[in-house]
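**Student:** Mind having a look at this structure? Questions to follow.
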Amino acid sequence: MEIAEAVLDTALIGLLLTMAWATLHTQRMSAAIALFAGFGMVLALIWARLRAPDLALAEAAIGAGLTSALLLRAASITREETIRIPTSRLWLRWLFVTAVFAWLAVHVLALSTLDGGHSLPELVTGQTPNSGVRHPVTAVLLNFRAWDTLLELLVLLLALLGFRQIARHNRHPYDADHHPAPWPLLKAWSRSLAPLLVVTGGYLLWRGSDDPGGAFQAGAVLAAALVLLRLSGQLPVFRWSRWTVRLAALTGPALFLSVAIGSAVMGEGWLNYPDNASTLLIVLIESAATVSIAVTLAFLVAGEEEDIAE
Amino acid sequence: MTIVTAYLLAGLALFLIGLHGLLTLQSMLRRIMAVNLMGSGVFLVLTALAARLPETDPVLHALVVTGLVVSISATALALRLHGALERHREDG
Amino acid sequence: MTVALEGLRIVLLAGGLFFFVTGSLGLLRFPDTYTRLHAVTKADNVGLGLLVAGLSLHSLEWQSTALMLLIWLFVMASGATSAQLLARYQREQDRQESASNGNR
């Protein structure tokens, strides 16, 4: 069994590093993006191997799926690598990488022997029953470190706003014929896949308080469904001017912020939930956050194209 | 070598592959991908550390989940900037 | 009975591996996109099916068998869709290429 595990780990690590290198150094951009998606899938397998199912779910949807879609979209408007960044003094760069390697190797290897006094995981496990949910990762995200998660939703919102600002002033002549006409198989497939994705997303959200899953995974899966439907032409263009889009993108941060302010004003402090209401509050926040994450990610990947000229 | 050490080193290697790419590649898109790979390397180090205990460390997992979403936001913004630059060059 | 089952399992798993190896060989050796797609998608679907059959003989629990069947179904469906997508992309490229050659 030991040997079988060692073989599996070696194969996974070998694949991961080879694909990472090939992603950066293969000739064609389309091949590089395909490799990037494959890299994400290998990484998802590694998360599963490292007993991190939450990460495996999130990585498969976000890292492998949505990021590759983003890259494909960017590559499609790039005229075959027109921008070349000059790289002078290559030896200096190599020297720098080697120095960083040596420095990091010492510290990272020191980390592996770190085992004394891990009070934090025990603290989390001990306190999880009081958090209102039963899955420790969700407890950390939505209760113990809810502050981080709130700020993260704001980062997502900020990215969306930045995305819109840049979109505003630059109209691309190729955008109009950017999406090829959807073809029957893709249409049929997305029609049957999208409801399944919605069910899966809902399930991940629902199970998230007891088992791996939660707002981020659910949001990412729903975003994938939205992107799929958009690309197959079954949803209208995602426009910021639509009130539904705005509402969906803003509910999560707005609800989370009002809970934070409410608990600061009326309760015991920022995001200290009252004991008897924490489950309800967490479920509410998670549901709203799921919708916002889904719409924001879908917007970043497939949002707003030809209406910018107006 | 334990599984934790193996994956720690893999994370380190991944980070360096990304760093090397970031410094030496000439294409903007590849550089954005390289930064993503560096991020994945950091996540790998964190997750390997989380697996060093018999019961995995939920704080580190929560950190990485957060990091994944932040990383796609940053990538989306970077790609948008890249697109704007591309258009600017075409127009000019 | 168990010996026969074990034998069948090994045959199925070995068959699955054979198809996977053949498919990968085709991916590496075939000359153009269309034939490569053909090799990978068809051979891998059969290979995965045989693996699923072999593994379900191993576990003999209907839940895991159902799960694996579902996975097989999804892999086949996504394989069919992505193969078509890639083939269409390639055809478009070929057309553009022949058009630009014709203009010269």
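By convention here, the chains of the structure tokens are called A, B, ... in the order presented, each chain's residues are numbered starting at 1, and ligands are numbered starting at 1 in the order presented.
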For chain A, report every residue with an atom at most 6 Å from chain B (counting only C-alpha atoms), formatted as a list in words.
**Tutor:**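 Those within range of chain B come out as Leu24, Leu50, Arg84, Ile85, Ser112, Pro121, Pro136, Val137, Leu141, Leu156, Ala159 and Phe163 of chain A.
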**Student:** Under the rule of at most 10 Å, produce a per-residue listing of chain A near chain C: chain, number, name, the closest pair of atoms, and the distance in Å, as JSON lines, using only C-alpha atoms.
**Tutor:**
{"residue": "A:Trp183", "atom": "CA", "partner": "C:Leu85", "partner_atom": "CA", "distance": 9.2}
{"residue": "A:Leu185", "atom": "CA", "partner": "C:Thr81", "partner_atom": "CA", "distance": 6.8}
{"residue": "A:Leu186", "atom": "CA", "partner": "C:Thr81", "partner_atom": "CA", "distance": 6.7}
{"residue": "A:Ala188", "atom": "CA", "partner": "C:Thr81", "partner_atom": "CA", "distance": 9.9}
{"residue": "A:Trp189", "atom": "CA", "partner": "C:Thr81", "partner_atom": "CA", "distance": 7.6}
{"residue": "A:Ser190", "atom": "CA", "partner": "C:Thr81", "partner_atom": "CA", "distance": 10.0}
{"residue": "A:Leu193", "atom": "CA", "partner": "C:Phe74", "partner_atom": "CA", "distance": 9.8}
**Student:** Neighbours of C:Leu48 within 7 Å (only C-alpha atoms; same-chain residues fewer than 4 positions away dropped), as a list in words?
**Tutor:**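 Final neighbour list, sorted by chain and number: Gly16, Asp44, Val52 and Trp72 of chain C.
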**Student:** Restricting it to N, CA and C atoms, dump the selection as a PDB file, in the first residue's frame.
**Tutor:**
ATOM      1  N   GLY C  16      -9.606  -2.467 -20.101  1.00  0.00           N
ATOM      2  CA  GLY C  16      -9.727  -1.018 -19.967  1.00  0.00           C
ATOM      3  C   GLY C  16      -8.398  -0.332 -20.172  1.00  0.00           C
ATOM      4  N   ASP C  44     -11.004   5.982 -25.229  1.00  0.00           N
ATOM      5  CA  ASP C  44     -11.099   6.257 -23.803  1.00  0.00           C
ATOM      6  C   ASP C  44     -12.485   5.968 -23.254  1.00  0.00           C
ATOM      7  N   VAL C  52     -14.881   0.811 -15.314  1.00  0.00           N
ATOM      8  CA  VAL C  52     -16.033   0.918 -14.415  1.00  0.00           C
ATOM      9  C   VAL C  52     -16.630  -0.458 -14.150  1.00  0.00           C
ATOM     10  N   TRP C  72     -19.115   7.743 -15.843  1.00  0.00           N
ATOM     11  CA  TRP C  72     -18.867   7.283 -17.212  1.00  0.00           C
ATOM     12  C   TRP C  72     -19.754   8.037 -18.198  1.00  0.00           C
TER      13      TRP C  72
END
**Student:** Might you pull out every residue within 10 Å of C:Val11, with only C-alpha atoms counted and same-chain residues fewer than 5 positions away left off, and present them as a PyMOL selection string?
**Tutor:** chain C and resi 5-6+16-17+50-51+54
**Student:** Which distance in Å separates atom CA of A:Arg73 and atom CA of A:Ala218, to one decimal?
**Tutor:**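 That distance, rounded to one decimal, is 23.1 Å.
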**Student:** Have a look at atom CA of A:Leu204 and atom CA of A:Gln217 and let me know their distance in Å, one decimal.
**Tutor:**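 Straight-line distance from atom CA of A:Leu204 to atom CA of A:Gln217 works out to 6.8 Å.
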**Student:** Between A:Val291, A:Ile166, A:Leu297, A:Met19, which one has atoms that come closest to A:Gly202, using only C-alpha atoms?
**Tutor:**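 Closest to A:Gly202, using only C-alpha atoms: A:Val291.
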**Student:** Please identify all polymer residues within 12 Å of C:Thr65, counting only C-alpha atoms, omitting same-chain residues fewer than 3 positions from it, and present them as a PDB file with N, CA and C atoms, in the first residue's frame.
**Tutor:**
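Output file out-v8.pdb is given in full below:
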ATOM      1  N   GLY C  49     -15.345   2.591 -19.671  1.00  0.00           N
ATOM      2  CA  GLY C  49     -16.471   1.691 -19.436  1.00  0.00           C
ATOM      3  C   GLY C  49     -16.000   0.362 -18.869  1.00  0.00           C
ATOM      4  N   LEU C  51     -13.190  -0.204 -17.298  1.00  0.00           N
ATOM      5  CA  LEU C  51     -12.673   0.026 -15.940  1.00  0.00           C
ATOM      6  C   LEU C  51     -13.818   0.083 -14.939  1.00  0.00           C
ATOM      7  N   VAL C  52     -14.881   0.811 -15.314  1.00  0.00           N
ATOM      8  CA  VAL C  52     -16.033   0.918 -14.415  1.00  0.00           C
ATOM      9  C   VAL C  52     -16.630  -0.458 -14.150  1.00  0.00           C
ATOM     10  N   ALA C  53     -16.763  -1.261 -15.213  1.00  0.00           N
ATOM     11  CA  ALA C  53     -17.310  -2.608 -15.032  1.00  0.00           C
ATOM     12  C   ALA C  53     -16.421  -3.421 -14.093  1.00  0.00           C
ATOM     13  N   GLY C  54     -15.109  -3.359 -14.329  1.00  0.00           N
ATOM     14  CA  GLY C  54     -14.190  -4.115 -13.487  1.00  0.00           C
ATOM     15  C   GLY C  54     -14.230  -3.668 -12.041  1.00  0.00           C
ATOM     16  N   LEU C  55     -14.246  -2.337 -11.841  1.00  0.00           N
ATOM     17  CA  LEU C  55     -14.236  -1.818 -10.476  1.00  0.00           C
ATOM     18  C   LEU C  55     -15.548  -2.107  -9.761  1.00  0.00           C
ATOM     19  N   SER C  56     -16.658  -2.131 -10.492  1.00  0.00           N
ATOM     20  CA  SER C  56     -17.918  -2.415  -9.794  1.00  0.00           C
ATOM     21  C   SER C  56     -17.990  -3.891  -9.398  1.00  0.00           C
ATOM     22  N   LEU C  57     -17.315  -4.763 -10.157  1.00  0.00           N
ATOM     23  CA  LEU C  57     -17.209  -6.149  -9.690  1.00  0.00           C
ATOM     24  C   LEU C  57     -16.381  -6.213  -8.418  1.00  0.00           C
ATOM     25  N   HIS C  58     -15.453  -5.279  -8.289  1.00  0.00           N
ATOM     26  CA  HIS C  58     -14.591  -5.252  -7.123  1.00  0.00           C
ATOM     27  C   HIS C  58     -15.365  -4.845  -5.871  1.00  0.00           C
ATOM     28  N   SER C  59     -16.183  -3.816  -5.993  1.00  0.00           N
ATOM     29  CA  SER C  59     -16.835  -3.311  -4.783  1.00  0.00           C
ATOM     30  C   SER C  59     -18.175  -4.009  -4.528  1.00  0.00           C
ATOM     31  N   LEU C  60     -18.927  -4.276  -5.604  1.00  0.00           N
ATOM     32  CA  LEU C  60     -20.227  -4.940  -5.488  1.00  0.00           C
ATOM     33  C   LEU C  60     -21.236  -4.189  -4.630  1.00  0.00           C
ATOM     34  N   GLU C  61     -21.017  -2.862  -4.465  1.00  0.00           N
ATOM     35  CA  GLU C  61     -22.040  -2.074  -3.789  1.00  0.00           C
ATOM     36  C   GLU C  61     -22.767  -1.278  -4.853  1.00  0.00           C
ATOM     37  N   TRP C  62     -24.073  -1.260  -4.789  1.00  0.00           N
ATOM     38  CA  TRP C  62     -24.772  -0.623  -5.908  1.00  0.00           C
ATOM     39  C   TRP C  62     -24.584   0.882  -5.919  1.00  0.00           C
ATOM     40  N   MET C  68     -20.186   5.380 -10.348  1.00  0.00           N
ATOM     41  CA  MET C  68     -19.200   5.216 -11.417  1.00  0.00           C
ATOM     42  C   MET C  68     -19.872   5.237 -12.788  1.00  0.00           C
ATOM     43  N   LEU C  69     -21.067   4.631 -12.861  1.00  0.00           N
ATOM     44  CA  LEU C  69     -21.804   4.668 -14.135  1.00  0.00           C
ATOM     45  C   LEU C  69     -22.121   6.103 -14.529  1.00  0.00           C
ATOM     46  N   LEU C  70     -22.512   6.890 -13.518  1.00  0.00           N
ATOM     47  CA  LEU C  70     -22.836   8.293 -13.761  1.00  0.00           C
ATOM     48  C   LEU C  70     -21.603   9.035 -14.278  1.00  0.00           C
ATOM     49  N   ILE C  71     -20.456   8.748 -13.639  1.00  0.00           N
ATOM     50  CA  ILE C  71     -19.204   9.378 -14.079  1.00  0.00           C
ATOM     51  C   ILE C  71     -18.916   9.008 -15.529  1.00  0.00           C
ATOM     52  N   TRP C  72     -19.115   7.743 -15.843  1.00  0.00           N
ATOM     53  CA  TRP C  72     -18.867   7.283 -17.212  1.00  0.00           C
ATOM     54  C   TRP C  72     -19.754   8.037 -18.198  1.00  0.00           C
TER      55      TRP C  72
END
**Student:** So how far away is atom CA of A:Gly214 from atom CA of A:Leu255, in Å?
**Tutor:**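 Distance between the two atoms: 16.8 Å.
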